[in-house]
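*Asks:* Handing you a structure now.
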Amino acid sequence: MIVMAAGATPAQVQEVVRRAQQLGLTPEVSHGRERTVVGLVGHETEPDLEKLSTLEGVERVVRVLHDHPLVSREFHPDDRVIRFGPGLELGGPSVLLMAGPCAVEGRGQLEAAAGAISELGVRVLRGGAFKPRTSPYSFQGLGEPGLLLLREVADRFHMAVITEVLAPEDVPLVAEHADILQIGARNMQNYRLLQACGEVDRPILLKRGLAATVDELLQAAEYVLAGGNQRVALCERGLRGFEPSVRFSLDITSIPVLKRLTSLPVVVDPSHAAGRAQYVPAIGLAAVAAGADGLLVEVHPDPSSALSDGAQSLDPTAFAAMVAQVVKVAAAVGRVAA
Ligand code: PEP
Ligand code: MN
């Protein structure tokens, strides 16, 4: 990393970029509030970086010896804000609420969910069209027609769309119709999918694998950033534990840990962690208190008839009560739920 001096001029930054390119490196420039940093990804032994330290405007050259330099806070000290959809933000001062059914099941179900959710001021509709199901005999999602329905219903309610993309070859199609692409927990280390998401001009919500360390999550995110897509948010959704009263154990500590190591926004999905609707509000509130930048919550108009994840889905009444509490907890930690 080339750390520029506080008053470095754009021309000086440009010269560092040019010289780095001459050394065969790909520079990524990060403009912070106080300083500009030029990140150069490469093998530690390769170029003679000391040459760059004598250029005008350069304060120092720092070698970052870990496997996820671009996602690191050293490279990008300020919190990253992802702007998307119709004037929406993830990672800014507000806590972004995203909600909707696990899967798009049909027009009636989706309209009822979107209507109830948007009435509460929630601007991002979730819903899976391509579903990663544990059993091949479970409902696999409606595929492309489900994706088109999700877009149509979201537009009618002036909402943005977040939905999962399962395979690299589906990335262009999903990117055409969704505002945020979700990479599911089971695909966190699907490197071809990560690379495909690195090439697309859409924010990515990368879920933590159910047995992945924070470091592995950050290295997975690095694939997307290294591919050229800087708009990545990380999502904690619970880890495989030994406690059977919940589906997964939510690692609440990963929120402050990630906040320290990276400036990427951190989202929490309390639904897949809890596995049971009654626990979802409490752990969602805890996540906001611990610094989460957003929540992803499963809401179904009639959870008992859901084709997937009904047990953990909130009905509209329970979700309305949760949102009212999220607003209060967000305010208590100096943020606004939006
Ligand atoms: C989902 O969001 O519906 C989902 C499948 O989540 P995860 O990848 O976290 O299991
Ligand atoms: Mn689900």
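Note on naming: chains are A, B, ... as they come in the structure tokens, residues start from 1 per chain, ligands start from 1 in the order shown.
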Can you pull out every residue from range 95-188 of chain A that DSSP, working from the backbone, puts in strand (DSSP E or B), and format the result as a list in words?
*Replies:* Val95, Leu96, Leu97, Met98, Ala99, Gly100, Ala103, Val124, Leu125, Arg126, Gly128, Ala160, Val161, Ile162, Thr163, Glu164, Ile180, Leu181, Gln182 and Ile183 of chain A
*Asks:* Any chance you can output those residues with C-alpha atoms as a PDB file, in the first residue's frame?
*Replies:*
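Final output, saved to selection_35.pdb:
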ATOM      1  CA  VAL A  95     -29.576   0.664   9.548  1.00  0.00           C
ATOM      2  CA  LEU A  96     -31.048  -0.769   6.346  1.00  0.00           C
ATOM      3  CA  LEU A  97     -33.987  -3.142   6.682  1.00  0.00           C
ATOM      4  CA  MET A  98     -34.489  -5.803   4.007  1.00  0.00           C
ATOM      5  CA  ALA A  99     -37.374  -8.241   4.295  1.00  0.00           C
ATOM      6  CA  GLY A 100     -39.535 -10.662   2.375  1.00  0.00           C
ATOM      7  CA  ALA A 103     -38.790 -17.918  -1.692  1.00  0.00           C
ATOM      8  CA  VAL A 124     -35.804  -3.518   0.073  1.00  0.00           C
ATOM      9  CA  LEU A 125     -37.721  -6.693  -0.822  1.00  0.00           C
ATOM     10  CA  ARG A 126     -36.017 -10.062  -0.481  1.00  0.00           C
ATOM     11  CA  GLY A 128     -35.413 -16.292  -3.602  1.00  0.00           C
ATOM     12  CA  ALA A 160     -35.425  -2.442  -4.422  1.00  0.00           C
ATOM     13  CA  VAL A 161     -34.789  -6.178  -4.901  1.00  0.00           C
ATOM     14  CA  ILE A 162     -32.268  -8.456  -3.206  1.00  0.00           C
ATOM     15  CA  THR A 163     -32.155 -12.054  -4.380  1.00  0.00           C
ATOM     16  CA  GLU A 164     -29.764 -14.979  -4.423  1.00  0.00           C
ATOM     17  CA  ILE A 180     -28.418  -6.503  -4.880  1.00  0.00           C
ATOM     18  CA  LEU A 181     -27.127 -10.021  -5.611  1.00  0.00           C
ATOM     19  CA  GLN A 182     -26.953 -12.380  -2.659  1.00  0.00           C
ATOM     20  CA  ILE A 183     -24.346 -15.128  -2.485  1.00  0.00           C
TER      21      ILE A 183
END
*Asks:* Would you kindly return, as number ranges by chain, each protein, DNA or RNA residue with an atom no farther than 9 Å from any atom of Val17 in chain A, considering only C-alpha atoms and excluding same-chain residues fewer than 6 positions away?
*Replies:* A: 26-29, 38
*Asks:* Between A:Ile252, A:Ala11, A:Val267, A:Ala20, which is the closest to ligand 1 once you count only C-alpha atoms and all ligand atoms?
*Replies:*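 Going through A:Ile252, A:Ala11, A:Val267, A:Ala20 one by one, the smallest distance to ligand 1 is for A:Val267.
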*Asks:* Collect all residues with atoms no farther than 9 Å from ligand 1, counting only C-alpha atoms and all ligand atoms, and output them as a ChimeraX atom specification.
*Replies:* /A:101-103,126-128,131-133,163-164,182-188,206-210,235-238,269,271-273,296-298,308-309
*Asks:* Skipping near chain neighbours, those fewer than 6 positions away, what residues fall within 8 Å of range 212-216 of chain A using only C-alpha atoms, listed as a list in words?
*Replies:*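 Final neighbour list, sorted by chain and number: Leu239, Ser254 and Leu258 of chain A.
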*Asks:* Go ahead and write the selection's residues with N, CA and C atoms as a compact mmCIF listing (two decimals), in the first residue's frame.
*Replies:*
# COMPACT_ATOMS: atom_id res chain seq x y z
N LEU A 239 -23.68 -19.86 12.55
CA LEU A 239 -22.72 -20.94 12.29
C LEU A 239 -23.28 -22.26 12.77
N SER A 254 -18.91 -11.56 15.58
CA SER A 254 -18.31 -11.30 14.26
C SER A 254 -18.60 -9.86 13.81
N LEU A 258 -15.54 -7.94 12.42
CA LEU A 258 -15.52 -7.52 11.02
C LEU A 258 -15.35 -6.00 10.90
*Asks:* Where does DSSP see alpha helix (DSSP H) in range 57-303 of chain A, if you list the residues as a PyMOL selection string?
*Replies:* chain A and resi 107-119+144-156+171-177+191-198+214-226+254-261+270-274+280-289
*Asks:* Would you kindly return, as a PDB file with C-alpha atoms, in the first residue's frame, each protein, DNA or RNA residue with an atom no farther than 10 Å from any atom of Ala286 in chain A, considering only C-alpha atoms and excluding same-chain residues fewer than 5 positions away?
*Replies:*
ATOM      1  CA  ILE A 252     -22.722 -11.795  17.353  1.00  0.00           C
ATOM      2  CA  VAL A 268     -27.129  -9.754   9.947  1.00  0.00           C
ATOM      3  CA  PRO A 270     -31.402 -13.365  12.237  1.00  0.00           C
ATOM      4  CA  PRO A 281     -36.686 -10.321  16.880  1.00  0.00           C
ATOM      5  CA  GLY A 291     -23.300  -2.360  15.168  1.00  0.00           C
ATOM      6  CA  ALA A 292     -24.910  -4.142  12.216  1.00  0.00           C
ATOM      7  CA  VAL A 326     -35.490  -2.007  15.861  1.00  0.00           C
ATOM      8  CA  VAL A 329     -32.559   0.159  19.464  1.00  0.00           C
TER       9      VAL A 329
END
*Asks:* So that I can see what lies close to His68 in chain A, please list as a list in words the residues with an atom at most 12 Å from it, counting only C-alpha atoms and leaving out residues fewer than 5 positions away in the same chain.
*Replies:*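 Contacts, in chain order: Gly39, Leu40, Val41, Gly42, Arg73, Glu74, Phe75, His76, Val214, Asp215, Glu216, Leu217, Leu218, Gln219, Ala220, Ala221, Glu222, Tyr223, Val224, Leu225, Ala226, Leu261 and Thr262 of chain A.
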*Asks:* Choose the residue, out of A:Pro244, A:Pro316, A:Gly275, A:Pro256, that has the smallest atom-to-atom separation from ligand 2; count only C-alpha atoms and all ligand atoms.
*Replies:*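 Of the candidates, the smallest distance to ligand 2 is held by A:Gly275.
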*Asks:* Which one of A:Pro69, A:Ser94, A:Glu59, A:Leu173 sits closest to Ala331 in chain A if you count only C-alpha atoms?
*Replies:*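 Under the stated criterion, the closest residue is A:Ser94.
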*Asks:* Have a look at A:Gly141, A:Pro168, A:Gly228, A:Gly108 and name the one nearest to ligand 2; count only C-alpha atoms and all ligand atoms.
*Replies:*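 The shortest atom-to-atom distance to ligand 2 comes from A:Gly141.
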*Asks:* Would you mind listing what lies within 12 Å of Ala324 in chain A as a PyMOL selection string, with only C-alpha atoms counted and same-chain residues fewer than 5 positions away left out?
*Replies:* chain A and resi 97+120-122+281+285+317-319+329-331+336-338
*Asks:* Please produce a file of those selected residues containing C-alpha atoms, as a PDB file, in the first residue's frame.
*Replies:*
ATOM      1  CA  LEU A  97     -33.987  -3.142   6.682  1.00  0.00           C
ATOM      2  CA  LEU A 120     -43.694  -0.250   7.509  1.00  0.00           C
ATOM      3  CA  GLY A 121     -41.296   1.886   5.466  1.00  0.00           C
ATOM      4  CA  VAL A 122     -39.011  -0.998   4.440  1.00  0.00           C
ATOM      5  CA  PRO A 281     -36.686 -10.321  16.880  1.00  0.00           C
ATOM      6  CA  LEU A 285     -32.190  -6.318  17.972  1.00  0.00           C
ATOM      7  CA  THR A 317     -47.867  -8.562  12.604  1.00  0.00           C
ATOM      8  CA  ALA A 318     -44.782  -9.989  14.286  1.00  0.00           C
ATOM      9  CA  PHE A 319     -42.546  -8.170  11.803  1.00  0.00           C
ATOM     10  CA  VAL A 329     -32.559   0.159  19.464  1.00  0.00           C
ATOM     11  CA  ALA A 330     -31.119   1.908  16.405  1.00  0.00           C
ATOM     12  CA  ALA A 331     -31.862   5.284  18.008  1.00  0.00           C
ATOM     13  CA  VAL A 336     -31.854   5.499  12.261  1.00  0.00           C
ATOM     14  CA  ALA A 337     -33.600   2.360  10.996  1.00  0.00           C
ATOM     15  CA  ALA A 338     -34.654   2.831   7.381  1.00  0.00           C
TER      16      ALA A 338
END
